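Quick look at structure_26.txt (compact mmCIF, C-alpha atoms and all ligand atoms):
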```
# COMPACT_ATOMS: atom_id res chain seq x y z
CA MET A 1 84.91 62.93 161.53
CA SER A 2 87.57 60.52 162.66
CA LEU A 3 88.63 56.90 162.65
CA ASN A 4 90.23 54.99 165.50
CA PHE A 5 93.71 56.34 165.01
CA ILE A 6 96.78 55.58 167.07
CA PRO A 7 98.65 58.88 167.62
CA PRO A 8 101.67 58.56 165.31
CA PRO A 9 104.80 57.84 167.37
CA THR A 10 108.10 59.66 166.86
CA GLN A 11 110.96 57.15 166.70
CA LYS A 12 114.60 58.06 167.24
CA ILE A 13 117.08 56.61 164.74
CA ASP A 14 120.30 55.69 166.46
CA SER A 15 122.61 55.79 163.51
CA ASP A 16 126.39 56.19 163.37
CA ILE A 17 126.02 58.24 160.21
CA ALA A 18 123.81 60.77 162.02
CA ARG A 19 126.06 60.75 165.09
CA LEU A 20 129.14 61.46 162.96
CA ALA A 21 127.30 64.32 161.29
CA GLY A 22 126.31 65.70 164.71
CA VAL A 23 122.64 65.48 163.77
CA GLU A 24 119.66 63.98 165.62
CA LEU A 25 117.34 61.92 163.50
CA TYR A 26 113.68 61.12 164.23
CA VAL A 27 110.93 59.50 162.17
CA LEU A 28 107.27 60.45 162.49
CA ARG A 29 105.55 57.10 161.94
CA LEU A 30 102.35 58.06 160.14
CA ASP A 31 102.43 54.51 158.76
CA LEU A 32 101.34 53.22 162.18
CA MET A 33 98.22 55.34 162.62
CA HIS A 34 95.73 52.90 161.19
CA PRO A 35 96.00 49.59 159.34
CA TRP A 36 94.42 50.90 156.10
CA VAL A 37 94.00 54.65 156.29
CA ASN A 38 97.44 55.86 157.22
CA GLY A 39 100.39 57.93 156.10
CA ASN A 40 99.65 61.26 154.48
CA LYS A 41 96.48 59.75 152.94
CA TRP A 42 94.18 60.46 155.86
CA TYR A 43 95.42 64.03 156.14
CA LYS A 44 94.61 64.65 152.47
CA LEU A 45 91.21 62.98 152.79
CA LYS A 46 90.07 64.41 156.10
CA TYR A 47 88.71 67.81 154.99
CA ASN A 48 87.54 66.48 151.66
CA LEU A 49 85.33 64.00 153.49
CA ALA A 50 84.20 66.65 155.98
CA GLN A 51 83.20 68.89 153.07
CA ALA A 52 81.37 66.02 151.33
CA LYS A 53 79.39 65.41 154.51
CA GLU A 54 78.69 69.08 155.12
CA GLN A 55 77.42 69.54 151.58
CA GLY A 56 75.12 66.52 151.92
CA TYR A 57 76.87 64.23 149.43
CA LYS A 58 76.23 60.55 149.94
CA LYS A 59 78.81 59.09 147.53
CA LEU A 60 82.49 59.72 146.81
CA LEU A 61 84.27 59.39 143.50
CA THR A 62 88.01 59.58 143.06
CA PHE A 63 90.81 58.66 140.67
CA GLY A 64 94.03 56.68 140.70
CA GLY A 65 96.34 54.22 139.02
CA ALA A 66 96.01 50.48 139.63
CA TYR A 67 98.56 50.65 142.48
CA SER A 68 97.29 53.86 144.04
CA ASN A 69 97.70 54.31 147.80
CA HIS A 70 94.98 56.95 147.59
CA ILE A 71 92.45 54.54 146.03
CA TYR A 72 93.26 52.02 148.76
CA ALA A 73 92.80 54.53 151.59
CA THR A 74 89.69 56.17 150.11
CA ALA A 75 88.00 52.79 149.72
CA ALA A 76 88.73 51.93 153.37
CA ALA A 77 87.82 55.37 154.75
CA GLY A 78 84.58 55.38 152.74
CA LYS A 79 83.60 51.98 154.12
CA LEU A 80 84.45 52.94 157.70
CA LEU A 81 82.67 56.30 157.52
CA GLY A 82 79.62 55.16 155.58
CA PHE A 83 80.30 56.65 152.14
CA PRO A 84 79.85 54.40 149.12
CA THR A 85 82.89 54.95 146.86
CA ILE A 86 83.63 54.84 143.16
CA GLY A 87 87.23 54.47 142.05
CA VAL A 88 88.02 55.61 138.53
CA ILE A 89 91.12 53.66 137.55
CA ARG A 90 93.60 54.64 134.82
CA GLY A 91 93.75 52.22 131.88
CA GLU A 92 92.16 48.87 131.29
CA GLU A 93 90.92 46.32 133.76
CA THR A 94 93.45 43.55 134.42
CA LEU A 95 92.24 40.33 135.98
CA PRO A 96 92.83 38.99 138.48
CA LEU A 97 92.83 42.31 140.33
CA ASN A 98 96.09 43.21 142.04
CA SER A 99 96.05 43.41 145.83
CA THR A 100 95.37 47.18 145.92
CA LEU A 101 92.30 46.93 143.72
CA SER A 102 91.02 43.71 145.23
CA PHE A 103 91.26 45.34 148.67
CA ALA A 104 89.37 48.38 147.34
CA ALA A 105 86.69 46.13 145.84
CA GLN A 106 86.39 44.25 149.14
CA GLN A 107 85.69 47.59 150.85
CA GLY A 108 82.76 47.98 148.46
CA MET A 109 84.45 50.43 146.08
CA GLN A 110 82.93 50.29 142.61
CA LEU A 111 85.84 50.15 140.18
CA VAL A 112 85.50 51.70 136.74
CA TYR A 113 88.20 52.14 134.12
CA LEU A 114 89.02 55.10 131.90
CA GLU A 115 91.28 54.65 128.92
CA ARG A 116 94.46 56.64 129.29
CA ALA A 117 93.71 59.59 126.97
CA THR A 118 90.40 60.31 128.72
CA TYR A 119 92.02 59.68 132.10
CA ARG A 120 94.52 62.44 131.40
CA GLN A 121 91.52 64.81 131.09
CA LYS A 122 89.92 63.50 134.28
CA HIS A 123 89.81 66.86 136.02
CA SER A 124 88.20 68.60 133.03
CA PHE A 125 84.62 69.81 133.21
CA GLU A 126 83.53 67.48 130.37
CA VAL A 127 84.90 64.26 131.87
CA GLN A 128 83.54 65.12 135.31
CA ALA A 129 80.11 66.03 133.89
CA ASP A 130 80.12 62.67 132.15
CA LEU A 131 80.98 60.87 135.37
CA ARG A 132 78.21 62.73 137.20
CA LYS A 133 75.74 61.72 134.49
CA ARG A 134 76.84 58.12 134.94
CA PHE A 135 77.04 57.97 138.74
CA GLY A 136 74.67 60.70 139.94
CA GLU A 137 75.45 63.21 142.69
CA VAL A 138 78.98 62.26 143.67
CA PHE A 139 81.53 64.27 145.64
CA ILE A 140 84.65 64.24 143.48
CA ILE A 141 88.06 64.07 145.16
CA PRO A 142 90.98 64.65 142.78
CA GLU A 143 93.68 62.03 142.19
CA GLY A 144 95.86 61.67 145.28
CA GLY A 145 93.56 63.93 147.35
CA SER A 146 95.60 66.77 145.91
CA ASN A 147 93.53 69.90 146.36
CA LEU A 148 93.31 72.73 148.87
CA GLN A 149 91.33 70.60 151.34
CA GLY A 150 94.15 68.09 151.02
CA VAL A 151 96.70 70.81 151.79
CA ARG A 152 94.58 71.88 154.76
CA GLY A 153 94.75 68.41 156.29
CA CYS A 154 98.52 68.25 155.81
CA LEU A 155 98.93 71.32 158.04
CA GLU A 156 98.08 68.90 160.87
CA ILE A 157 100.89 66.41 160.21
CA VAL A 158 103.62 68.23 162.11
CA SER A 159 102.07 69.42 165.36
CA ALA A 160 103.03 72.49 167.36
CA ALA A 161 104.75 70.12 169.84
CA MET A 162 107.29 69.34 167.09
CA GLN A 163 108.81 72.81 166.99
CA VAL A 164 111.98 71.32 168.44
CA PHE A 165 112.84 70.06 164.94
CA ASP A 166 114.87 72.31 162.65
CA THR A 167 114.25 70.42 159.41
CA VAL A 168 111.35 68.26 158.29
CA CYS A 169 111.93 65.88 155.35
CA VAL A 170 109.18 64.43 153.17
CA ALA A 171 108.88 62.51 149.90
CA CYS A 172 106.99 64.39 147.18
CA GLY A 173 104.67 63.29 144.42
CA THR A 174 102.36 66.26 143.86
CA ALA A 175 103.90 68.05 146.91
CA THR A 176 100.45 68.68 148.41
CA THR A 177 101.85 67.21 151.63
CA LEU A 178 104.93 69.43 151.52
CA ALA A 179 102.79 72.55 150.92
CA GLY A 180 100.68 71.76 153.99
CA ILE A 181 103.72 71.05 156.14
CA ALA A 182 105.47 74.26 155.00
CA MET A 183 102.48 76.28 156.13
CA SER A 184 102.34 74.59 159.52
CA LEU A 185 105.98 75.14 160.53
CA ASN A 186 107.30 78.18 162.33
CA PRO A 187 109.49 80.50 160.25
CA LYS A 188 112.71 79.17 161.84
CA GLN A 189 111.97 75.62 160.73
CA ARG A 190 112.23 74.40 157.14
CA VAL A 191 110.96 71.54 155.05
CA LEU A 192 112.98 69.60 152.47
CA GLY A 193 111.04 67.77 149.76
CA PHE A 194 112.42 64.77 147.89
CA PRO A 195 110.56 64.42 144.56
CA VAL A 196 110.12 60.81 143.41
CA LEU A 197 109.42 61.92 139.84
CA LYS A 198 111.93 63.21 137.36
CA GLY A 199 111.35 66.62 135.87
CA GLY A 200 111.92 69.45 138.32
CA PHE A 201 108.50 71.01 137.67
CA LEU A 202 107.29 70.86 141.27
CA ALA A 203 108.50 74.20 142.58
CA LYS A 204 105.91 76.11 140.54
CA ASP A 205 103.17 73.72 141.69
CA ILE A 206 104.16 74.28 145.31
CA GLU A 207 104.11 78.07 144.90
CA ASN A 208 100.64 77.81 143.34
CA LEU A 209 99.30 75.50 146.05
CA ILE A 210 100.59 77.83 148.75
CA GLN A 211 99.32 81.02 147.10
CA ASN A 212 95.93 79.49 146.34
CA TYR A 213 95.64 78.17 149.86
CA LEU A 214 96.53 81.52 151.41
CA ALA A 215 94.01 83.23 149.11
CA THR A 216 91.18 81.08 150.51
CA GLY A 217 91.69 82.51 153.99
CA LEU A 218 91.76 78.96 155.43
CA PRO A 219 93.62 78.82 158.75
CA THR A 220 97.43 78.92 158.98
CA PRO A 221 99.36 79.39 162.23
CA TYR A 222 101.90 81.87 160.85
CA GLY A 223 100.18 83.37 157.79
CA SER A 224 103.04 82.40 155.48
CA PRO A 225 105.03 79.26 154.71
CA ALA A 226 108.30 78.30 156.39
CA PRO A 227 111.27 78.03 153.99
CA TRP A 228 111.05 74.98 151.75
CA GLU A 229 113.44 73.42 149.28
CA LEU A 230 113.40 70.54 146.84
CA ILE A 231 116.25 68.01 146.69
CA CYS A 232 115.92 66.58 143.20
CA ASP A 233 118.80 64.05 143.14
CA TYR A 234 117.06 60.98 144.58
CA HIS A 235 114.28 60.04 142.15
CA PHE A 236 116.23 56.95 140.95
CA GLY A 237 115.04 57.38 137.37
CA GLY A 238 111.45 58.40 138.06
CA TYR A 239 108.15 57.26 139.49
CA ALA A 240 108.24 53.67 140.84
CA LYS A 241 111.69 53.16 139.26
CA VAL A 242 114.18 51.43 141.52
CA LYS A 243 117.86 50.55 141.48
CA ASP A 244 119.63 47.78 143.34
CA ASP A 245 121.27 50.13 145.83
CA LEU A 246 117.88 51.62 146.74
CA LEU A 247 116.46 48.16 147.41
CA LEU A 248 119.53 47.15 149.40
CA PHE A 249 119.40 50.36 151.41
CA SER A 250 115.72 49.82 152.11
CA GLN A 251 116.25 46.24 153.34
CA GLN A 252 119.18 47.23 155.55
CA PHE A 253 117.34 50.22 157.00
CA THR A 254 114.30 48.10 157.81
CA GLN A 255 116.47 45.50 159.48
CA ALA A 256 118.45 48.00 161.51
CA TYR A 257 115.56 50.16 162.76
CA ASN A 258 112.49 48.00 162.29
CA ILE A 259 110.94 50.58 159.96
CA PRO A 260 109.54 49.23 156.70
CA LEU A 261 109.95 51.59 153.73
CA ASP A 262 108.05 51.57 150.45
CA TYR A 263 110.37 51.89 147.48
CA VAL A 264 108.09 54.30 145.55
CA TYR A 265 108.19 57.15 148.08
CA THR A 266 109.71 56.84 151.54
CA ALA A 267 112.78 54.72 150.66
CA LYS A 268 113.92 57.41 148.22
CA MET A 269 113.60 60.17 150.81
CA PHE A 270 115.31 58.14 153.56
CA TYR A 271 118.12 57.20 151.16
CA GLY A 272 118.52 60.86 150.24
CA VAL A 273 118.68 62.01 153.85
CA MET A 274 121.27 59.38 154.80
CA ASP A 275 123.34 60.29 151.75
CA LEU A 276 123.17 64.01 152.56
CA LEU A 277 124.24 63.26 156.13
CA LYS A 278 127.35 61.53 154.79
CA GLN A 279 128.09 64.58 152.63
CA GLY A 280 127.87 66.94 155.62
CA TYR A 281 124.86 68.74 154.15
CA PHE A 282 123.21 69.41 157.54
CA SER A 283 124.56 71.69 160.27
CA LYS A 284 125.89 70.15 163.47
CA GLY A 285 123.23 70.18 166.16
CA ASP A 286 120.35 70.01 163.63
CA ARG A 287 117.33 67.98 164.61
CA LEU A 288 115.68 66.28 161.67
CA LEU A 289 112.16 64.88 161.49
CA LEU A 290 111.57 62.44 158.64
CA ILE A 291 107.91 61.92 157.78
CA HIS A 292 107.02 58.29 157.12
CA THR A 293 104.11 58.80 154.73
CA GLY A 294 103.01 55.15 154.66
CA GLY A 295 102.42 53.49 151.30
CA LEU A 296 103.39 50.10 152.67
CA GLN A 297 100.66 48.23 150.84
CA VAL A 298 103.01 48.36 147.84
CA LEU A 299 105.18 45.81 149.70
CA LYS A 300 102.23 43.40 149.85
CA GLN A 301 101.86 43.96 146.14
CA LYS A 302 105.47 42.91 145.60
CA ALA A 303 104.97 39.87 147.78
CA HIS A 304 101.98 38.85 145.65
CA GLN A 305 103.73 39.26 142.31
C1 LIG A 401 103.42 56.87 150.58
C2 LIG A 401 103.37 58.22 149.95
N1 LIG A 401 104.30 59.11 150.30
C3 LIG A 401 104.35 60.34 149.75
C4 LIG A 401 103.41 60.74 148.81
C5 LIG A 401 103.53 62.10 148.20
O1 LIG A 401 102.47 62.93 148.56
P1 LIG A 401 102.21 64.26 147.74
O2 LIG A 401 101.53 63.86 146.46
O3 LIG A 401 101.29 65.03 148.62
O4 LIG A 401 103.51 64.91 147.50
C6 LIG A 401 102.40 59.84 148.42
C7 LIG A 401 101.35 60.24 147.46
O5 LIG A 401 100.29 60.59 147.91
C8 LIG A 401 102.38 58.54 149.00
O6 LIG A 401 101.46 57.63 148.64
```

If you convert what's in this file into structure tokens, what do you get?
Ligand SMILES: Cc1ncc(COP(=O)(O)O)c(C=O)c1O
Amino acid sequence: MSLNFIPPPTQKIDSDIARLAGVELYVLRLDLMHPWVNGNKWYKLKYNLAQAKEQGYKKLLTFGGAYSNHIYATAAAGKLLGFPTIGVIRGEETLPLNSTLSFAAQQGMQLVYLERATYRQKHSFEVQADLRKRFGEVFIIPEGGSNLQGVRGCLEIVSAAMQVFDTVCVACGTATTLAGIAMSLNPKQRVLGFPVLKGGFLAKDIENLIQNYLATGLPTPYGSPAPWELICDYHFGGYAKVKDDLLLFSQQFTQAYNIPLDYVYTAKMFYGVMDLLKQGYFSKGDRLLLIHTGGLQVLKQKAHQ
């Protein structure tokens, strides 16, 4: 099952900061793969959709906030691959719909709203049984595509041809993407995760994702994860919180390298990497691969506000 993807290009960043640090910097542009289904989203959806098809499901149901990149991508992928979709949105309906939800609705996604307390229980048996009663036989994908099938897809982000990189850097929400990347790298490589939420609770989640994935016997090239680490100093106050210097950095970076960054995820990771380069955090001669995980529809959102 595939869409018409452009193979994601790897772009070199010619930066004085990297040169001074003796480090080579590249960006894997997952944002360019497809106009609507791009970034890490497709990787997290791919095996979920394959499983839905294999098991004979005709409809998909998933969850997200009103600005969710995952809702946006699932609506588009469903339309392109012939799955009707239902998007269960956190909170109350706000009209007019923002650009994420109006895009999803245009793709034919049926939008339904769950008040916040019930939404928090969305992955419970009771809430899901209720949704099945309401919508019939639906294949349920968790919020963000964050399950073991999601991890499985993320093993395909960094290909075997990218073994020349010593360190891979990625922004983390649930860290499903990081878990998949860690299991795809060879043991001499490593992955650094930059959480965009405050709290420092992710390490345990990553351990669980990795252990649970390994327990399924699903394929991994090396049988164990490469070293991974979380850099927790660049969340800028928490999810979707921004500060002026993050916005300024993001604008300047886009201008200098023609790479748009979303301020919820990728801008925080790119900021963090550039800051660490200035501090001499990386070893001379290191080759870094920064994963651009997409999320650029949030910029349209801003433009519409
Ligand atoms: C643009 C973007 N980057 C990074 C992430 C973080 O992914 P994960 O939840 O797998 O850590 C997300 C969330 O899915 C995202 O939308």

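Using all atoms listed in the file, residues with at least one atom at most 7 Å away from any atom of ligand LIG 401 (chain A) are Gly39, Asn40, Lys41, Asn69, His70, Gly144, Ser146, Ala171, Cys172, Gly173, Thr174, Ala175, Thr176, Thr177, Leu178, Tyr265, Thr266, Thr293, Gly294 and Gly295 of chain A.
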
| task | One decimal, Å: what's the distance from atom CA of A:Arg152 over to atom CA of A:Ile210, could you say? | result |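 Atom-to-atom, atom CA of A:Arg152 to atom CA of A:Ile210, that is 10.4 Å.
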
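Residues with any atom within 9 Å of A:Gly200, counting all atoms listed in the file and excluding same-chain neighbours fewer than 4 positions away, are Pro195, Leu230 and Cys232 of chain A.
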
| Pick the closest to A:Leu61 from A:Asn48, A:Ser2, A:Ser159, A:Ser283: which is it, counting only C-alpha atoms? |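 Of A:Asn48, A:Ser2, A:Ser159, A:Ser283, the one nearest A:Leu61 is A:Asn48, counting only C-alpha atoms.
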
Sorted by chain and rising residue number, which residues of stretch 60-98 of chain A lie within 10 Å of stretch 121-127 of chain A, and what are their closest atom pairs and distances in Å to one decimal, counting only C-alpha atoms, as a Markdown table?
```
| residue | atom | partner | partner_atom | distance |
| --- | --- | --- | --- | --- |
| A:Thr62 | CA | A:Lys122 | CA | 9.8 |
| A:Phe63 | CA | A:Lys122 | CA | 8.1 |
| A:Val88 | CA | A:Lys122 | CA | 9.2 |
| A:Arg90 | CA | A:Lys122 | CA | 9.6 |
```

| said: Using Å and a single decimal, report how far atom CA of A:Pro84 sits from atom CA of A:Asn147. | reply: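 Separating atom CA of A:Asn147 from atom CA of A:Pro84 is a distance of 20.9 Å.
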
Please write stretch 179-201 of chain A of the preceding block to a file containing N, CA, C and O atoms, as a PDB file, in the first residue's frame?
```pdb
ATOM      1  N   ALA A 179      11.638   5.706  18.887  1.00  0.00           N
ATOM      2  CA  ALA A 179      11.781   4.268  19.189  1.00  0.00           C
ATOM      3  C   ALA A 179      12.036   3.488  17.899  1.00  0.00           C
ATOM      4  O   ALA A 179      12.911   2.615  17.847  1.00  0.00           O
ATOM      5  N   GLY A 180      11.286   3.838  16.839  1.00  0.00           N
ATOM      6  CA  GLY A 180      11.476   3.144  15.559  1.00  0.00           C
ATOM      7  C   GLY A 180      12.858   3.421  14.992  1.00  0.00           C
ATOM      8  O   GLY A 180      13.544   2.506  14.516  1.00  0.00           O
ATOM      9  N   ILE A 181      13.274   4.681  15.064  1.00  0.00           N
ATOM     10  CA  ILE A 181      14.597   5.033  14.519  1.00  0.00           C
ATOM     11  C   ILE A 181      15.693   4.301  15.308  1.00  0.00           C
ATOM     12  O   ILE A 181      16.615   3.727  14.726  1.00  0.00           O
ATOM     13  N   ALA A 182      15.568   4.293  16.633  1.00  0.00           N
ATOM     14  CA  ALA A 182      16.608   3.638  17.461  1.00  0.00           C
ATOM     15  C   ALA A 182      16.777   2.181  17.045  1.00  0.00           C
ATOM     16  O   ALA A 182      17.891   1.656  16.998  1.00  0.00           O
ATOM     17  N   MET A 183      15.653   1.535  16.721  1.00  0.00           N
ATOM     18  CA  MET A 183      15.768   0.113  16.361  1.00  0.00           C
ATOM     19  C   MET A 183      16.237  -0.117  14.931  1.00  0.00           C
ATOM     20  O   MET A 183      16.514  -1.253  14.553  1.00  0.00           O
ATOM     21  N   SER A 184      16.301   0.958  14.140  1.00  0.00           N
ATOM     22  CA  SER A 184      16.751   0.769  12.757  1.00  0.00           C
ATOM     23  C   SER A 184      18.234   1.089  12.583  1.00  0.00           C
ATOM     24  O   SER A 184      18.833   0.736  11.577  1.00  0.00           O
ATOM     25  N   LEU A 185      18.838   1.754  13.560  1.00  0.00           N
ATOM     26  CA  LEU A 185      20.239   2.189  13.414  1.00  0.00           C
ATOM     27  C   LEU A 185      21.190   1.061  13.793  1.00  0.00           C
ATOM     28  O   LEU A 185      20.837   0.183  14.587  1.00  0.00           O
ATOM     29  N   ASN A 186      22.409   1.153  13.268  1.00  0.00           N
ATOM     30  CA  ASN A 186      23.393   0.144  13.692  1.00  0.00           C
ATOM     31  C   ASN A 186      23.944   0.557  15.069  1.00  0.00           C
ATOM     32  O   ASN A 186      23.816   1.718  15.471  1.00  0.00           O
ATOM     33  N   PRO A 187      24.531  -0.392  15.795  1.00  0.00           N
ATOM     34  CA  PRO A 187      24.894  -0.111  17.188  1.00  0.00           C
ATOM     35  C   PRO A 187      25.930   0.997  17.365  1.00  0.00           C
ATOM     36  O   PRO A 187      26.091   1.519  18.470  1.00  0.00           O
ATOM     37  N   LYS A 188      26.607   1.389  16.270  1.00  0.00           N
ATOM     38  CA  LYS A 188      27.596   2.475  16.401  1.00  0.00           C
ATOM     39  C   LYS A 188      26.960   3.830  16.193  1.00  0.00           C
ATOM     40  O   LYS A 188      27.588   4.862  16.434  1.00  0.00           O
ATOM     41  N   GLN A 189      25.752   3.848  15.676  1.00  0.00           N
ATOM     42  CA  GLN A 189      25.040   5.124  15.527  1.00  0.00           C
ATOM     43  C   GLN A 189      24.281   5.401  16.825  1.00  0.00           C
ATOM     44  O   GLN A 189      24.174   4.541  17.698  1.00  0.00           O
ATOM     45  N   ARG A 190      23.714   6.623  16.923  1.00  0.00           N
ATOM     46  CA  ARG A 190      22.868   6.920  18.078  1.00  0.00           C
ATOM     47  C   ARG A 190      21.787   7.890  17.648  1.00  0.00           C
ATOM     48  O   ARG A 190      21.911   8.571  16.630  1.00  0.00           O
ATOM     49  N   VAL A 191      20.726   7.947  18.439  1.00  0.00           N
ATOM     50  CA  VAL A 191      19.666   8.907  18.142  1.00  0.00           C
ATOM     51  C   VAL A 191      19.448   9.803  19.356  1.00  0.00           C
ATOM     52  O   VAL A 191      19.403   9.327  20.498  1.00  0.00           O
ATOM     53  N   LEU A 192      19.358  11.102  19.092  1.00  0.00           N
ATOM     54  CA  LEU A 192      19.051  12.079  20.148  1.00  0.00           C
ATOM     55  C   LEU A 192      17.628  12.560  19.944  1.00  0.00           C
ATOM     56  O   LEU A 192      17.266  13.001  18.849  1.00  0.00           O
ATOM     57  N   GLY A 193      16.831  12.501  20.998  1.00  0.00           N
ATOM     58  CA  GLY A 193      15.445  12.972  20.935  1.00  0.00           C
ATOM     59  C   GLY A 193      15.312  14.300  21.656  1.00  0.00           C
ATOM     60  O   GLY A 193      15.906  14.497  22.720  1.00  0.00           O
ATOM     61  N   PHE A 194      14.538  15.191  21.087  1.00  0.00           N
ATOM     62  CA  PHE A 194      14.291  16.516  21.671  1.00  0.00           C
ATOM     63  C   PHE A 194      12.809  16.618  22.017  1.00  0.00           C
ATOM     64  O   PHE A 194      11.994  16.960  21.151  1.00  0.00           O
ATOM     65  N   PRO A 195      12.430  16.320  23.274  1.00  0.00           N
ATOM     66  CA  PRO A 195      11.012  16.376  23.648  1.00  0.00           C
ATOM     67  C   PRO A 195      10.460  17.799  23.544  1.00  0.00           C
ATOM     68  O   PRO A 195      11.125  18.755  23.953  1.00  0.00           O
ATOM     69  N   VAL A 196       9.260  17.923  23.000  1.00  0.00           N
ATOM     70  CA  VAL A 196       8.630  19.244  22.886  1.00  0.00           C
ATOM     71  C   VAL A 196       7.651  19.471  24.039  1.00  0.00           C
ATOM     72  O   VAL A 196       7.023  20.513  24.111  1.00  0.00           O
ATOM     73  N   LEU A 197       7.523  18.471  24.898  1.00  0.00           N
ATOM     74  CA  LEU A 197       6.684  18.626  26.092  1.00  0.00           C
ATOM     75  C   LEU A 197       7.587  18.699  27.311  1.00  0.00           C
ATOM     76  O   LEU A 197       8.661  18.091  27.333  1.00  0.00           O
ATOM     77  N   LYS A 198       7.077  19.389  28.312  1.00  0.00           N
ATOM     78  CA  LYS A 198       7.794  19.452  29.582  1.00  0.00           C
ATOM     79  C   LYS A 198       7.496  18.173  30.350  1.00  0.00           C
ATOM     80  O   LYS A 198       6.446  17.600  30.166  1.00  0.00           O
ATOM     81  N   GLY A 199       8.375  17.730  31.207  1.00  0.00           N
ATOM     82  CA  GLY A 199       7.950  16.660  32.105  1.00  0.00           C
ATOM     83  C   GLY A 199       8.954  15.548  32.319  1.00  0.00           C
ATOM     84  O   GLY A 199       9.020  14.979  33.391  1.00  0.00           O
ATOM     85  N   GLY A 200       9.762  15.246  31.301  1.00  0.00           N
ATOM     86  CA  GLY A 200      10.803  14.239  31.490  1.00  0.00           C
ATOM     87  C   GLY A 200      10.288  12.832  31.763  1.00  0.00           C
ATOM     88  O   GLY A 200      10.954  12.053  32.431  1.00  0.00           O
ATOM     89  N   PHE A 201       9.087  12.515  31.263  1.00  0.00           N
ATOM     90  CA  PHE A 201       8.531  11.183  31.521  1.00  0.00           C
ATOM     91  C   PHE A 201       8.765  10.225  30.348  1.00  0.00           C
ATOM     92  O   PHE A 201       8.379   9.074  30.381  1.00  0.00           O
TER      93      PHE A 201
END
```
